[in-house]
file final-v1.cif (mmCIF, C-alpha atoms and all ligand atoms)
data_protein
loop_
_atom_site.label_atom_id
_atom_site.label_comp_id
_atom_site.auth_asym_id
_atom_site.auth_seq_id
_atom_site.Cartn_x
_atom_site.Cartn_y
_atom_site.Cartn_z
CA MET P 1 0.00 0.00 0.00
CA ASP P 2 1.45 3.39 -0.95
CA ILE P 3 0.34 5.25 2.15
CA LEU P 4 2.45 8.25 1.24
CA GLY P 5 1.02 8.61 -2.24
CA SER P 6 -1.77 11.07 -1.60
CA LEU P 7 0.09 13.36 0.76
CA GLU P 8 0.42 16.78 -0.75
CA GLU P 9 2.57 18.33 1.97
CA THR P 10 6.09 19.38 1.04
CA ASN P 11 7.69 16.91 3.44
CA TYR P 12 6.38 13.94 1.43
CA ALA P 13 9.78 13.26 -0.12
CA ASP P 14 11.53 13.60 3.27
CA ILE P 15 9.14 11.16 4.95
CA LYS P 16 9.56 8.65 2.14
CA SER P 17 13.32 8.94 2.20
CA PHE P 18 13.34 8.59 6.01
CA PHE P 19 11.41 5.31 5.89
CA ASP P 20 13.22 4.02 2.79
CA SER P 21 16.61 4.53 4.39
CA ALA P 22 15.69 3.41 7.94
CA PRO P 23 17.22 0.13 9.17
CA ILE P 24 14.65 -2.66 8.78
CA LEU P 25 12.47 -3.11 11.85
CA LYS P 26 13.43 -6.70 12.63
CA ASN P 27 10.52 -7.47 14.96
CA ALA P 28 7.80 -5.82 12.83
CA ALA P 29 5.91 -9.11 12.31
CA GLU P 30 5.98 -9.88 16.05
CA ILE P 31 4.80 -6.35 16.95
CA ASN P 32 1.95 -6.65 14.47
CA ARG P 33 1.02 -10.03 15.91
CA GLN P 34 0.96 -8.59 19.45
CA LEU P 35 -1.11 -5.63 18.30
CA GLN P 36 -3.70 -7.78 16.53
CA GLU P 37 -3.93 -10.13 19.51
CA PHE P 38 -4.29 -7.19 21.90
CA LEU P 39 -7.02 -5.56 19.81
CA ALA P 40 -8.88 -8.83 19.30
CA ARG P 41 -8.73 -9.53 23.05
CA ASN P 42 -10.03 -6.08 23.96
CA PHE P 43 -12.49 -5.43 21.18
CA SER P 44 -13.74 -8.78 19.86
CA SER P 45 -17.50 -9.12 19.54
CA SER P 46 -17.63 -11.16 22.76
CA SER P 47 -15.55 -8.75 24.88
CA ASN P 48 -17.18 -6.42 27.43
CA ASN P 49 -15.69 -3.36 25.78
CA GLN P 50 -17.83 -3.57 22.66
CA GLY P 51 -19.90 -0.47 23.27
CA LEU P 52 -17.10 1.72 24.59
CA ARG P 53 -14.08 0.91 22.43
CA LYS P 54 -11.71 3.41 24.03
CA VAL P 55 -8.17 2.77 22.87
CA ALA P 56 -5.10 4.94 23.42
CA CYS P 57 -1.55 4.89 22.15
CA VAL P 58 0.71 6.61 24.67
CA THR P 59 4.28 7.36 23.58
CA SER P 60 6.88 7.82 26.28
CA GLY P 61 10.58 8.55 26.87
CA GLY P 62 13.07 9.83 24.31
CA THR P 63 14.34 8.51 20.99
CA THR P 64 18.07 8.01 20.33
CA VAL P 65 19.98 8.98 17.20
CA PRO P 66 22.70 6.43 16.37
CA LEU P 67 25.98 7.82 15.08
CA GLU P 68 27.34 4.53 13.74
CA GLN P 69 25.68 1.63 11.91
CA GLN P 70 27.27 -0.74 14.42
CA CYS P 71 26.24 1.63 17.13
CA VAL P 72 28.55 2.46 20.01
CA ARG P 73 27.55 6.12 20.37
CA TYR P 74 24.26 7.89 20.04
CA ILE P 75 22.60 11.24 20.73
CA ASP P 76 19.97 11.08 23.46
CA ASN P 77 17.66 13.45 25.33
CA PHE P 78 16.53 13.97 28.90
CA ALA P 79 13.04 12.38 28.83
CA SER P 80 12.51 9.98 31.74
CA GLY P 81 9.19 8.55 30.56
CA HIS P 82 7.42 9.68 33.74
CA ARG P 83 4.72 11.58 31.86
CA GLY P 84 3.86 8.69 29.55
CA ALA P 85 3.90 6.12 32.36
CA ALA P 86 1.66 8.22 34.62
CA ALA P 87 -0.68 9.07 31.73
CA THR P 88 -0.99 5.35 30.95
CA GLU P 89 -2.13 4.68 34.51
CA TYR P 90 -4.82 7.36 34.27
CA PHE P 91 -6.00 6.20 30.83
CA LEU P 92 -6.32 2.63 32.14
CA LYS P 93 -8.24 3.96 35.15
CA ALA P 94 -10.57 5.80 32.75
CA GLY P 95 -11.39 2.52 30.98
CA PHE P 96 -9.03 2.73 28.00
CA SER P 97 -7.03 -0.13 26.56
CA VAL P 98 -3.52 1.27 26.18
CA VAL P 99 -0.64 0.60 23.82
CA PHE P 100 2.36 1.96 25.73
CA LEU P 101 5.11 2.72 23.19
CA HIS P 102 8.06 3.46 25.43
CA ARG P 103 11.80 3.88 25.37
CA ARG P 104 13.49 0.74 26.70
CA GLY P 105 14.55 1.15 30.33
CA THR P 106 12.47 4.26 31.10
CA CYS P 107 9.65 4.70 33.66
CA GLN P 108 6.91 2.08 33.62
CA PRO P 109 3.28 2.42 34.70
CA TYR P 110 2.68 1.83 38.43
CA CYS P 111 6.37 2.15 39.30
CA GLN P 112 6.39 5.88 40.05
CA SER P 113 6.29 5.58 43.83
CA LEU P 114 8.66 2.64 44.11
CA PRO P 115 12.31 3.25 45.09
CA TYR P 116 14.83 3.89 42.32
CA ASP P 117 16.63 0.58 42.69
CA GLN P 118 13.38 -1.34 42.81
CA LEU P 119 14.40 -4.96 42.88
CA LEU P 120 17.15 -4.53 45.46
CA GLU P 121 15.38 -2.09 47.78
CA CYS P 122 11.86 -3.58 47.64
CA PHE P 123 13.10 -6.83 49.16
CA GLU P 124 15.26 -7.80 52.11
CA VAL P 125 16.67 -10.96 53.64
CA ASP P 126 15.41 -12.04 57.08
CA GLY P 127 17.35 -13.90 59.81
CA ASP P 128 16.64 -17.28 58.13
CA SER P 129 18.03 -16.07 54.79
CA ASN P 130 14.54 -15.87 53.28
CA VAL P 131 13.85 -13.04 50.87
CA ARG P 132 10.79 -10.99 51.92
CA VAL P 133 9.15 -7.71 51.00
CA ASN P 134 10.78 -4.72 52.67
CA PRO P 135 8.12 -3.49 55.18
CA THR P 136 9.01 0.16 54.41
CA TYR P 137 7.63 -0.27 50.91
CA ALA P 138 5.06 -3.00 51.56
CA LYS P 139 1.97 -0.81 51.03
CA THR P 140 3.37 0.89 47.94
CA ILE P 141 4.46 -2.42 46.42
CA ASP P 142 1.09 -3.98 47.16
CA LYS P 143 -0.73 -1.16 45.35
CA ALA P 144 1.64 -1.13 42.38
CA VAL P 145 1.66 -4.92 41.93
CA SER P 146 -2.16 -5.19 42.19
CA ALA P 147 -2.73 -2.40 39.66
CA ASN P 148 -0.19 -3.86 37.26
CA CYS P 149 -1.60 -7.40 37.64
CA THR P 150 -5.11 -6.12 36.95
CA ALA P 151 -3.97 -4.46 33.72
CA ILE P 152 -1.97 -7.51 32.65
CA ASN P 153 -4.71 -10.03 33.56
CA GLN P 154 -7.40 -7.99 31.85
CA GLY P 155 -5.10 -7.64 28.85
CA THR P 156 -5.72 -3.89 28.66
CA LEU P 157 -2.05 -2.85 28.58
CA LEU P 158 0.33 -3.67 25.75
CA LYS P 159 3.91 -2.51 26.25
CA ILE P 160 6.07 -2.04 23.15
CA PRO P 161 9.67 -0.83 23.56
CA PHE P 162 11.79 1.27 21.19
CA THR P 163 15.27 2.77 21.36
CA THR P 164 16.14 4.64 18.17
CA ILE P 165 14.25 7.28 16.21
CA PHE P 166 13.98 4.72 13.37
CA GLU P 167 12.32 2.11 15.58
CA TYR P 168 10.02 4.68 17.18
CA LEU P 169 8.60 6.09 13.95
CA GLN P 170 8.25 2.70 12.26
CA ILE P 171 6.42 1.24 15.27
CA LEU P 172 4.24 4.34 15.61
CA GLN P 173 3.19 3.80 12.00
CA LEU P 174 2.32 0.13 12.67
CA ILE P 175 0.26 1.10 15.72
CA ALA P 176 -1.52 3.93 13.92
CA LEU P 177 -2.43 1.72 10.97
CA SER P 178 -3.79 -0.89 13.40
CA LEU P 179 -5.83 1.65 15.40
CA ARG P 180 -7.18 3.34 12.26
CA ARG P 181 -10.20 1.01 12.23
CA PHE P 182 -11.38 2.52 15.54
CA GLY P 183 -11.89 5.90 13.87
CA PRO P 184 -12.60 8.65 16.44
CA ARG P 185 -12.42 6.11 19.30
CA ALA P 186 -8.62 5.91 18.93
CA LEU P 187 -6.52 8.42 20.85
CA PHE P 188 -2.83 9.32 20.44
CA PHE P 189 -1.03 10.89 23.40
CA LEU P 190 2.38 11.68 21.96
CA ALA P 191 4.50 12.51 25.00
CA ALA P 192 7.74 10.90 23.76
CA ALA P 193 10.56 13.38 23.16
CA VAL P 194 11.25 12.78 19.49
CA SER P 195 14.68 13.67 18.08
CA ASP P 196 14.60 16.66 15.75
CA PHE P 197 17.78 15.71 13.88
CA TYR P 198 19.32 12.42 12.77
CA VAL P 199 22.18 10.95 10.79
CA PRO P 200 20.78 9.25 7.65
CA PRO P 201 22.00 5.63 7.60
CA GLY P 202 23.54 6.20 4.16
CA SER P 203 25.98 8.76 5.54
CA MET P 204 26.57 6.99 8.87
CA ALA P 205 29.95 5.50 9.77
CA VAL P 206 29.78 1.70 9.59
CA HIS P 207 32.20 1.03 12.44
CA LYS P 208 32.97 2.84 15.68
CA ILE P 209 34.14 6.37 14.89
CA GLN P 210 37.85 6.62 15.64
CA SER P 211 39.08 9.39 17.93
CA ARG P 212 42.47 9.48 16.22
CA SER P 213 40.73 10.96 13.15
CA GLY P 214 40.64 14.30 14.98
CA PRO P 215 37.67 16.63 15.63
CA LEU P 216 34.38 15.12 14.59
CA ASP P 217 32.19 16.84 12.02
CA LEU P 218 28.65 15.51 11.96
CA ARG P 219 25.95 16.53 9.54
CA LEU P 220 22.52 16.05 11.08
CA VAL P 221 19.44 16.10 8.89
CA GLU P 222 16.01 17.20 10.10
CA VAL P 223 13.71 14.34 11.11
CA PRO P 224 10.56 14.85 9.03
CA LYS P 225 7.55 15.64 11.21
CA MET P 226 5.25 12.63 11.11
CA LEU P 227 2.30 14.33 12.79
CA SER P 228 0.77 15.45 9.50
CA ILE P 229 0.92 11.98 7.96
CA LEU P 230 -0.46 10.47 11.16
CA ARG P 231 -3.44 12.81 10.91
CA LYS P 232 -3.92 12.62 7.16
CA GLU P 233 -3.08 9.05 6.28
CA TRP P 234 -2.35 6.67 9.12
CA ALA P 235 -5.33 7.30 11.42
CA PRO P 236 -7.24 10.31 10.06
CA LEU P 237 -10.15 10.21 12.54
CA ALA P 238 -8.15 9.55 15.70
CA PHE P 239 -8.06 12.14 18.50
CA CYS P 240 -4.47 13.43 18.56
CA ILE P 241 -2.62 15.17 21.36
CA SER P 242 0.96 16.22 20.72
CA PHE P 243 3.45 17.97 23.00
CA LYS P 244 5.61 21.02 22.55
CA LEU P 245 8.56 21.48 24.86
CA GLU P 246 10.60 24.69 24.97
CA THR P 247 13.05 26.29 27.35
CA ASP P 248 12.14 29.82 26.30
CA THR P 249 8.66 30.73 27.61
CA LYS P 250 8.37 33.56 25.12
CA ILE P 251 8.12 31.22 22.14
CA LEU P 252 6.35 28.26 23.78
CA LEU P 253 2.72 29.22 23.14
CA GLU P 254 3.43 30.54 19.68
CA LYS P 255 5.15 27.27 18.69
CA ALA P 256 2.37 25.19 20.27
CA GLY P 257 -0.25 27.20 18.36
CA MET P 258 1.68 26.68 15.14
CA ALA P 259 1.84 22.91 15.73
CA LEU P 260 -1.92 22.85 16.43
CA GLU P 261 -2.64 24.47 13.06
CA LYS P 262 0.06 22.95 10.92
CA TYR P 263 -0.47 19.34 12.00
CA ASP P 264 -4.19 19.71 12.65
CA MET P 265 -3.87 18.40 16.21
CA HIS P 266 -6.88 18.30 18.52
CA MET P 267 -4.73 19.48 21.42
CA VAL P 268 -1.13 20.53 21.88
CA VAL P 269 0.22 20.32 25.41
CA ALA P 270 2.72 23.14 25.87
CA ASN P 271 5.30 22.61 28.59
CA GLU P 272 8.45 24.36 29.68
CA LEU P 273 11.51 22.49 30.83
CA SER P 274 11.78 24.22 34.23
CA SER P 275 8.15 23.55 35.22
CA TYR P 276 6.87 20.62 33.15
CA LYS P 277 6.30 18.46 36.21
CA GLU P 278 4.20 21.16 37.87
CA ARG P 279 2.07 22.65 35.10
CA VAL P 280 1.25 22.56 31.40
CA ILE P 281 -0.94 24.62 29.09
CA ILE P 282 -3.35 22.80 26.81
CA VAL P 283 -3.62 24.69 23.54
CA THR P 284 -6.81 24.03 21.54
CA LYS P 285 -8.65 25.74 18.68
CA ASN P 286 -11.13 27.03 21.30
CA GLY P 287 -8.52 28.59 23.57
CA ASN P 288 -5.90 27.66 26.14
CA ILE P 289 -6.40 25.83 29.42
CA ASN P 290 -3.89 25.94 32.29
CA VAL P 291 -3.44 22.67 34.14
CA SER P 292 -1.44 22.39 37.37
CA ARG P 293 -0.81 19.63 39.82
CA ASP P 294 -2.48 19.87 43.23
CA MET P 295 0.25 21.65 45.22
CA ALA P 296 -1.44 20.77 48.53
CA ARG P 297 -0.61 17.07 47.95
CA PRO P 298 3.12 16.31 47.64
CA ASP P 299 2.45 13.07 45.73
CA ALA P 300 -0.04 14.64 43.27
CA ASP P 301 1.02 14.77 39.64
CA VAL P 302 -0.02 17.02 36.78
CA GLU P 303 -1.02 14.00 34.65
CA ASP P 304 -4.06 13.41 36.90
CA PRO P 305 -5.96 16.62 35.96
CA LEU P 306 -4.38 16.58 32.48
CA ILE P 307 -5.78 13.16 31.54
CA GLU P 308 -9.14 14.02 33.12
CA LEU P 309 -9.39 16.97 30.74
CA VAL P 310 -8.08 15.03 27.74
CA VAL P 311 -10.65 12.26 28.32
CA GLU P 312 -13.47 14.80 28.63
CA LYS P 313 -12.54 16.42 25.28
CA TYR P 314 -11.96 13.05 23.64
CA LEU P 315 -15.42 11.76 24.68
CA ALA P 316 -17.09 14.89 23.31
CA TYR P 317 -15.14 14.48 20.05
CA ALA P 318 -15.80 10.74 19.75
CA SER P 319 -19.53 11.07 20.34
CA SER P 320 -19.85 13.99 17.91
CA THR P 321 -17.83 12.19 15.20
CA SER P 322 -19.15 8.61 15.53
C1 LIG O 1 7.18 16.50 26.09
O1 LIG O 1 7.16 17.69 26.04
C2 LIG O 1 6.94 15.72 27.39
O2 LIG O 1 6.04 16.38 28.20
C3 LIG O 1 8.29 15.54 28.18
C4 LIG O 1 8.01 14.58 29.34
C5 LIG O 1 9.37 14.93 27.28
C6 LIG O 1 8.77 16.88 28.73
P1 LIG O 1 9.37 13.00 30.95
O3 LIG O 1 9.37 11.85 29.99
O4 LIG O 1 9.20 14.33 30.06
O5 LIG O 1 8.22 12.93 31.92
O6 LIG O 1 10.71 13.16 31.64
N1 LIG O 1 7.45 15.80 24.99
C7 LIG O 1 7.93 16.44 23.77
C8 LIG O 1 7.31 15.81 22.60
C9 LIG O 1 7.99 16.20 21.30
O7 LIG O 1 9.11 15.87 21.06
N2 LIG O 1 7.24 16.86 20.49
C10 LIG O 1 7.69 17.19 19.14
C11 LIG O 1 8.14 18.61 19.08
O8 LIG O 1 8.06 19.32 20.09
C12 LIG O 1 6.52 17.04 18.23
S1 LIG O 1 5.98 15.37 18.19
O9 LIG O 1 8.60 19.01 17.99
#
call {"tool": "encode", "arguments": {"input": "final-v1.cif", "output": "structure tokens"}}
result
Amino acid sequence: MDILGSLEETNYADIKSFFDSAPILKNAAEINRQLQEFLARNFSSSSNNQGLRKVACVTSGGTTVPLEQQCVRYIDNFASGHRGAAATEYFLKAGFSVVFLHRRGTCQPYCQSLPYDQLLECFEVDGDSNVRVNPTYAKTIDKAVSANCTAINQGTLLKIPFTTIFEYLQILQLIALSLRRFGPRALFFLAAAVSDFYVPPGSMAVHKIQSRSGPLDLRLVEVPKMLSILRKEWAPLAFCISFKLETDTKILLEKAGMALEKYDMHMVVANELSSYKERVIIVTKNGNINVSRDMARPDADVEDPLIELVVEKYLAYASSTS
């Protein structure tokens, strides 16, 4: 299927060349199998979800840009995956089935309140050399394990990992093409920090770049924005929320507004590096909405009110479009 064929935007050639030159996604068949199984389990005619059919793809963490074909070094970014992991929890709570497309090794749903070194700190050894749950974390572990088990047993959470920008965009395409059939009932919450620049595989060093060659000159090419093709071709009716992160407040809202228009997003969540854990601004065609975490509760996160608002807008959209 030539899914790029009817795209009139100027970045058509860039998108095509990005996908044509990307390293082959080795586990594409397995990912597709998992996706089809997940969707059949959640939305088959006999499943309880028939009438509701709420399905979300949450992207999380940052993409890497390899510098060598046999990669030793890569460019990375700061994203921890907290936002995507927390959002996934709230979407599951709101009755969604969630495809969690996340950077390998970043934050996972239900692990936010566990200690950093989870496996080692959550357990301890008693006097008889038996391993037992560390009482300090017992309540937190109990809550996290139960919530995770519920999602796993109900089959409402599918976790798909990525590392590179190539993997991320190819998998996002597979997911979007699979969710397309849900029309306005599919939701994309694109919180992953996507690299803006990459080294095209054709001009990448094959082996480890040698330091004895002196100062390194790298030519990075712009990663084509996939939001327009997601909206126009991959899943045209889906409810799409993208993110805009800036460090300069003066340009944040302007850039978010531009993304809203240019990529025809339903919402753009504008956040600034210094405060993104505390507050965000939701930019929509009907105006902006400030969302902050509940400062009175130290454990409250901004994703709680954010997802509540997103779900409200999504339901209004889905019922008006169905
Ligand atoms: C974000 O702005 C996310 O909110 C954060 C979340 C990356 C700040 P953490 O994972 O951080 O909780 O540590 N994501 C940026 C999404 C992005 O890259 N957007 C592209 C852009 O701005 C468009 S898709 O150009």
call {"tool": "closest_residue", "arguments": {"input": "final-v1.cif", "among": "P:Glu167, P:Glu233, P:Asp76, P:Glu312", "to": "ligand LIG 1 (chain O)", "atoms": "only C-alpha atoms and all ligand atoms"}}
result
P:Asp76
call {"tool": "axis_aligned_box", "arguments": {"input": "final-v1.cif", "around": "ligand LIG 1 (chain O)", "padding_each_side": "4 Å", "output": "AutoDock Vina command-line options"}}
result
--center_x 8.3 --center_y 15.6 --center_z 25.0 --size_x 12.7 --size_y 15.5 --size_z 21.9
call {"tool": "residues_near_ligand", "arguments": {"input": "final-v1.cif", "ligand": "ligand LIG 1 (chain O)", "cutoff": "8 Å", "atoms": "only C-alpha atoms and all ligand atoms", "output": "PyMOL selection string"}}
result
chain P and resi 60-62+78-84+190-196+225-227+242-246+259+269-273+276-277
call {"tool": "write_last_selection", "arguments": {"input": "final-v1.cif", "atoms": "C-alpha atoms", "output": "CSV table (one decimal), keeping the file's coordinate frame"}}
result
chain,number,residue,atom,x,y,z
P,60,SER,CA,6.9,7.8,26.3
P,61,GLY,CA,10.6,8.6,26.9
P,62,GLY,CA,13.1,9.8,24.3
P,78,PHE,CA,16.5,14.0,28.9
P,79,ALA,CA,13.0,12.4,28.8
P,80,SER,CA,12.5,10.0,31.7
P,81,GLY,CA,9.2,8.6,30.6
P,82,HIS,CA,7.4,9.7,33.7
P,83,ARG,CA,4.7,11.6,31.9
P,84,GLY,CA,3.9,8.7,29.6
P,190,LEU,CA,2.4,11.7,22.0
P,191,ALA,CA,4.5,12.5,25.0
P,192,ALA,CA,7.7,10.9,23.8
P,193,ALA,CA,10.6,13.4,23.2
P,194,VAL,CA,11.2,12.8,19.5
P,195,SER,CA,14.7,13.7,18.1
P,196,ASP,CA,14.6,16.7,15.8
P,225,LYS,CA,7.6,15.6,11.2
P,226,MET,CA,5.2,12.6,11.1
P,227,LEU,CA,2.3,14.3,12.8
P,242,SER,CA,1.0,16.2,20.7
P,243,PHE,CA,3.4,18.0,23.0
P,244,LYS,CA,5.6,21.0,22.6
P,245,LEU,CA,8.6,21.5,24.9
P,246,GLU,CA,10.6,24.7,25.0
P,259,ALA,CA,1.8,22.9,15.7
P,269,VAL,CA,0.2,20.3,25.4
P,270,ALA,CA,2.7,23.1,25.9
P,271,ASN,CA,5.3,22.6,28.6
P,272,GLU,CA,8.4,24.4,29.7
P,273,LEU,CA,11.5,22.5,30.8
P,276,TYR,CA,6.9,20.6,33.2
P,277,LYS,CA,6.3,18.5,36.2
call {"tool": "atom_distance", "arguments": {"input": "final-v1.cif", "atom1": "CA of Val145 (chain P)", "atom2": "CA of Ser129 (chain P)"}}
result
23.6 Å
call {"tool": "closest_residue", "arguments": {"input": "final-v1.cif", "among": "P:Val283, P:Ile165, P:Val65, P:Cys111", "to": "Ala85 (chain P)", "atoms": "all atoms listed in the file"}}
result
P:Cys111
call {"tool": "residues_around", "arguments": {"input": "final-v1.cif", "residues": "Ala28 (chain P)", "least_positions_apart": "6", "cutoff": "9 Å", "atoms": "only C-alpha atoms", "output": "list in words"}}
result
Gln170, Ile171 and Leu174 of chain P
call {"tool": "atom_distance", "arguments": {"input": "final-v1.cif", "atom1": "CA of Asn130 (chain P)", "atom2": "CA of Cys107 (chain P)"}}
result
28.8 Å
call {"tool": "residues_around", "arguments": {"input": "final-v1.cif", "residues": "region 137-143 of chain P", "least_positions_apart": "5", "cutoff": "9 Å", "atoms": "all atoms listed in the file", "output": "list in words"}}
result
Tyr110, Cys111, Ser113, Leu114, Pro115, Glu121, Cys122, Phe123 and Asn148 of chain P
call {"tool": "closest_residue", "arguments": {"input": "final-v1.cif", "among": "P:Phe43, P:Tyr198, P:Phe182, P:Phe188", "to": "Ser21 (chain P)", "atoms": "only C-alpha atoms"}}
result
P:Tyr198
call {"tool": "closest_atom_pairs", "arguments": {"input": "final-v1.cif", "of": "region 76-173 of chain P", "to": "region 300-303 of chain P", "cutoff": "8 Å", "atoms": "only C-alpha atoms", "output": "Markdown table"}}
result
| residue | atom | partner | partner_atom | distance |
| --- | --- | --- | --- | --- |
| P:Arg83 | CA | P:Glu303 | CA | 6.8 |
| P:Ala86 | CA | P:Glu303 | CA | 6.4 |
| P:Ala87 | CA | P:Glu303 | CA | 5.7 |
| P:Tyr90 | CA | P:Glu303 | CA | 7.7 |
call {"tool": "residues_around", "arguments": {"input": "final-v1.cif", "residues": "Ser203 (chain P)", "least_positions_apart": "6", "cutoff": "12 Å", "atoms": "all atoms listed in the file", "output": "short mmCIF file (atom, residue, chain, number, x, y, z; two decimals) with C-alpha atoms, in the coordinates of the input"}}
result
data_model
loop_
_atom_site.label_atom_id
_atom_site.label_comp_id
_atom_site.auth_asym_id
_atom_site.auth_seq_id
_atom_site.Cartn_x
_atom_site.Cartn_y
_atom_site.Cartn_z
CA SER P 21 16.61 4.53 4.39
CA ALA P 22 15.69 3.41 7.94
CA PRO P 66 22.70 6.43 16.37
CA LEU P 67 25.98 7.82 15.08
CA GLU P 68 27.34 4.53 13.74
CA GLN P 69 25.68 1.63 11.91
CA LEU P 218 28.65 15.51 11.96
CA ARG P 219 25.95 16.53 9.54
CA LEU P 220 22.52 16.05 11.08
CA VAL P 221 19.44 16.10 8.89
#
call {"tool": "closest_residue", "arguments": {"input": "final-v1.cif", "among": "P:Asn11, P:Ser97, P:Gln34, P:Ser320", "to": "Thr156 (chain P)", "atoms": "all atoms listed in the file"}}
result
P:Ser97
call {"tool": "atom_distance", "arguments": {"input": "final-v1.cif", "atom1": "CA of Val125 (chain P)", "atom2": "CA of Thr106 (chain P)"}}
result
27.5 Å
call {"tool": "closest_residue", "arguments": {"input": "final-v1.cif", "among": "P:Ser17, P:Leu187, P:Ala40, P:Gly214", "to": "His266 (chain P)", "atoms": "only C-alpha atoms"}}
result
P:Leu187
call {"tool": "closest_residue", "arguments": {"input": "final-v1.cif", "among": "P:Val223, P:Ile289, P:Val206, P:Val99", "to": "Ala151 (chain P)", "atoms": "all atoms listed in the file"}}
result
P:Val99
call {"tool": "residues_near_point", "arguments": {"input": "final-v1.cif", "point": "(-2.0, 4.1, 15.3)", "cutoff": "9 Å", "atoms": "all atoms listed in the file", "output": "compact mmCIF listing (two decimals) with C-alpha atoms, in the coordinates of the input"}}
result
# COMPACT_ATOMS: atom_id res chain seq x y z
CA ALA P 56 -5.10 4.94 23.42
CA CYS P 57 -1.55 4.89 22.15
CA ILE P 171 6.42 1.24 15.27
CA LEU P 172 4.24 4.34 15.61
CA GLN P 173 3.19 3.80 12.00
CA LEU P 174 2.32 0.13 12.67
CA ILE P 175 0.26 1.10 15.72
CA ALA P 176 -1.52 3.93 13.92
CA LEU P 177 -2.43 1.72 10.97
CA SER P 178 -3.79 -0.89 13.40
CA LEU P 179 -5.83 1.65 15.40
CA ARG P 180 -7.18 3.34 12.26
CA ALA P 186 -8.62 5.91 18.93
CA LEU P 187 -6.52 8.42 20.85
CA PHE P 188 -2.83 9.32 20.44
CA LEU P 230 -0.46 10.47 11.16
CA TRP P 234 -2.35 6.67 9.12
CA ALA P 235 -5.33 7.30 11.42
CA ALA P 238 -8.15 9.55 15.70
call {"tool": "residues_near_point", "arguments": {"input": "final-v1.cif", "point": "(-17.7, 13.9, 19.3)", "cutoff": "12 Å", "atoms": "all atoms listed in the file", "output": "PDB file with C-alpha atoms, in the frame of the given file"}}
result
ATOM      1  CA  GLY P 183     -11.890   5.900  13.870  1.00  0.00           C
ATOM      2  CA  PRO P 184     -12.600   8.650  16.440  1.00  0.00           C
ATOM      3  CA  ARG P 185     -12.420   6.110  19.300  1.00  0.00           C
ATOM      4  CA  LEU P 237     -10.150  10.210  12.540  1.00  0.00           C
ATOM      5  CA  ALA P 238      -8.150   9.550  15.700  1.00  0.00           C
ATOM      6  CA  PHE P 239      -8.060  12.140  18.500  1.00  0.00           C
ATOM      7  CA  HIS P 266      -6.880  18.300  18.520  1.00  0.00           C
ATOM      8  CA  VAL P 311     -10.650  12.260  28.320  1.00  0.00           C
ATOM      9  CA  GLU P 312     -13.470  14.800  28.630  1.00  0.00           C
ATOM     10  CA  LYS P 313     -12.540  16.420  25.280  1.00  0.00           C
ATOM     11  CA  TYR P 314     -11.960  13.050  23.640  1.00  0.00           C
ATOM     12  CA  LEU P 315     -15.420  11.760  24.680  1.00  0.00           C
ATOM     13  CA  ALA P 316     -17.090  14.890  23.310  1.00  0.00           C
ATOM     14  CA  TYR P 317     -15.140  14.480  20.050  1.00  0.00           C
ATOM     15  CA  ALA P 318     -15.800  10.740  19.750  1.00  0.00           C
ATOM     16  CA  SER P 319     -19.530  11.070  20.340  1.00  0.00           C
ATOM     17  CA  SER P 320     -19.850  13.990  17.910  1.00  0.00           C
ATOM     18  CA  THR P 321     -17.830  12.190  15.200  1.00  0.00           C
ATOM     19  CA  SER P 322     -19.150   8.610  15.530  1.00  0.00           C
TER      20      SER P 322
END
call {"tool": "build_atoms", "arguments": {"input": "final-v1.cif", "residues": "region 270-276 of chain P", "atoms": "N, CA, C and O atoms", "output": "PDB file, in the frame of the given file"}}
result
ATOM      1  N   ALA P 270       1.503  22.322  25.844  1.00  0.00           N
ATOM      2  CA  ALA P 270       2.720  23.140  25.870  1.00  0.00           C
ATOM      3  C   ALA P 270       3.344  23.015  27.252  1.00  0.00           C
ATOM      4  O   ALA P 270       2.666  23.195  28.272  1.00  0.00           O
ATOM      5  N   ASN P 271       4.620  22.660  27.290  1.00  0.00           N
ATOM      6  CA  ASN P 271       5.300  22.610  28.590  1.00  0.00           C
ATOM      7  C   ASN P 271       6.702  23.167  28.478  1.00  0.00           C
ATOM      8  O   ASN P 271       7.333  23.138  27.423  1.00  0.00           O
ATOM      9  N   GLU P 272       7.136  23.727  29.635  1.00  0.00           N
ATOM     10  CA  GLU P 272       8.450  24.360  29.680  1.00  0.00           C
ATOM     11  C   GLU P 272       9.348  23.507  30.553  1.00  0.00           C
ATOM     12  O   GLU P 272       8.900  22.970  31.575  1.00  0.00           O
ATOM     13  N   LEU P 273      10.596  23.407  30.145  1.00  0.00           N
ATOM     14  CA  LEU P 273      11.510  22.490  30.830  1.00  0.00           C
ATOM     15  C   LEU P 273      11.544  22.688  32.351  1.00  0.00           C
ATOM     16  O   LEU P 273      11.490  21.728  33.111  1.00  0.00           O
ATOM     17  N   SER P 274      11.588  23.968  32.795  1.00  0.00           N
ATOM     18  CA  SER P 274      11.780  24.220  34.230  1.00  0.00           C
ATOM     19  C   SER P 274      10.534  23.891  35.062  1.00  0.00           C
ATOM     20  O   SER P 274      10.621  23.784  36.274  1.00  0.00           O
ATOM     21  N   SER P 275       9.375  23.736  34.423  1.00  0.00           N
ATOM     22  CA  SER P 275       8.150  23.550  35.220  1.00  0.00           C
ATOM     23  C   SER P 275       7.254  22.430  34.704  1.00  0.00           C
ATOM     24  O   SER P 275       6.105  22.326  35.115  1.00  0.00           O
ATOM     25  N   TYR P 276       7.773  21.571  33.817  1.00  0.00           N
ATOM     26  CA  TYR P 276       6.870  20.620  33.150  1.00  0.00           C
ATOM     27  C   TYR P 276       6.261  19.591  34.083  1.00  0.00           C
ATOM     28  O   TYR P 276       5.243  18.992  33.758  1.00  0.00           O
TER      29      TYR P 276
END
